[in-house]
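Inspection log for the structure reproduced underneath, given as structure tokens.
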Amino acid sequence: MKLYGGIDLHSNNSVIAIKDDNGKVLVCKKLPNDWELIQRFLEPYKEMLIGLVIESTYNWYWLVDALIGAKFCVHLANTAAIQQYSGLKYADDNSDAQWLAEMLRLNILPEGYIYPKEERAVRDLMRKRMNLVQQSTANLLSIQGIYMRHLSYRLSNNKIKQLTCEQIAQDHTANTAQAVTATLNVMNCLKNEIKQIESALLVQVKLRAEFKSLSSIDGIGNILALTIMLETGDIKRFNKPGNYASYCRCIGGARYSNGKKKGGSNSKNGNKYLAWAFVEAANFAIRHNKIVKSYYQRKAAKTNQIIAIK
């Protein structure tokens, strides 16, 4: 007998449902997120299980790794692409777990990508770098805002980086100067942490052959190229360039019928880290490549800066 399993994973518990080949629910149980308990529960069904489906939630790493290590066939459900079963009047965790198993049984499960365990920690460290870069930029913009608000002029990025305590004290009253100094100190601390992360990453990971040409593109340096490589994973999982562009959030969401736009859709489906990396690359390319800059200016004049960057 063939069995199909679905696991509705939460922060502190999991609901596990197992169905037979006819769609009948054999068992459905809520368990705490304890691997030994989950393994003990699944063990009697292991030989007959065709697969186990887990929702791609923020905390799937530990469970997927444990199940794969125990020789279970694991599928990661793409939550953004799952269509909820519309025949239910009342839905709960039990019905969610059962629906995951049912999609596997019917062979209609939209699957997510299980990123290789050995590269996952490096990718997450790169994501932490991106997070710190965004915080640093927010602090820089905060200093620019203070100068614009109090002195009615905008400091350039380079001038902010060159600010000294004496210069800040001359420019502002005591309270405002302290606010600027505190923000500048936080920004400098973030930059030091970013440099340390970059050094660690450059030692650990190198561009694979299929991503070598990234570093030849204006606007993409070593760190951005590594970011794109780590976030992309196996490039062969994308059937067409359009699929990859959509995954990078470079395609707007829309629904058309009879040649007319009937509405929008979730344009944020995809990888926000890749979207950020390519926007960063575009901004750098504008500064350093005259052809790209000219193209951007023509686009911005016809539309707006955000669309032109994309």
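Numbering starts fresh at 1 for the residues of each chain in the structure tokens, the chains themselves are lettered A, B, ... in the order given, and ligands are numbered from 1 as they appear.
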Give me, as a Markdown table, each residue of stretch 69-173 of chain A that comes within 7 Å of stretch 9-24 of chain A, together with its shortest interatomic pair and the distance in Å at one decimal, counting only C-alpha atoms, with rows ordered by chain and rising residue number.
```
| residue | atom | partner | partner_atom | distance |
| --- | --- | --- | --- | --- |
| A:Asp93 | CA | A:Val15 | CA | 6.5 |
| A:Asn94 | CA | A:Val15 | CA | 6.4 |
| A:Ala97 | CA | A:Ala17 | CA | 5.5 |
| A:Gln98 | CA | A:Ala17 | CA | 5.3 |
| A:Ala101 | CA | A:Lys19 | CA | 6.6 |
| A:Glu102 | CA | A:Gly23 | CA | 6.7 |
```
Just the selected residues (C-alpha atoms), exported as a compact mmCIF listing (two decimals), in the first residue's frame, please.
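Below you can see selection_35.txt, which holds the result:
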```txt
# COMPACT_ATOMS: atom_id res chain seq x y z
CA ASP A 93 -4.05 22.74 10.79
CA ASN A 94 -5.37 19.20 10.29
CA ALA A 97 -1.61 18.86 6.58
CA GLN A 98 -4.09 16.57 4.82
CA ALA A 101 -0.54 14.92 1.46
CA GLU A 102 -3.42 15.03 -1.04
```
Helix (DSSP H, G or I) positions in stretch 174-308 of chain A, given as number ranges by chain | A: 174-204, 209-216, 222-232, 235-237, 241-247, 272-288, 290-302, 305-308
Near A:Trp276, counting only C-alpha atoms, which residues have an atom at most 10 Å away, once you skip same-chain residues fewer than 6 positions from it, shown as a ChimeraX atom specification?
-> /A:130,134,224,227-228,248-249,282
Using only C-alpha atoms, find each residue in stretch 41-65 of chain A having at least one atom no more than 12 Å away from stretch 111-125 of chain A; report its shortest atom-to-atom pair and that distance in Å (one decimal), rows by chain then rising number, as a Markdown table.
```
| residue | atom | partner | partner_atom | distance |
| --- | --- | --- | --- | --- |
| A:Leu52 | CA | A:Glu111 | CA | 11.8 |
| A:Val53 | CA | A:Glu111 | CA | 9.0 |
| A:Ile54 | CA | A:Glu111 | CA | 9.7 |
| A:Glu55 | CA | A:Gly112 | CA | 8.9 |
| A:Ser56 | CA | A:Gly112 | CA | 7.2 |
| A:Thr57 | CA | A:Gly112 | CA | 10.8 |
| A:Trp60 | CA | A:Ile114 | CA | 9.7 |
| A:Tyr61 | CA | A:Lys117 | CA | 8.3 |
| A:Trp62 | CA | A:Lys117 | CA | 10.1 |
| A:Leu63 | CA | A:Ile114 | CA | 11.8 |
| A:Val64 | CA | A:Ile114 | CA | 8.5 |
| A:Asp65 | CA | A:Lys117 | CA | 7.6 |
```
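The smallest atom-to-atom distance between A:Gly252 and any of A:Lys195, A:Lys290, A:Arg237, A:Lys310, using only C-alpha atoms, is found for A:Lys310.
Contact shell of A:Asn157 at 10 Å (only C-alpha atoms; same-chain neighbours under 5 positions omitted): Thr137, Leu140, Leu141, Ile143, Gln144 and Gln162 of chain A.
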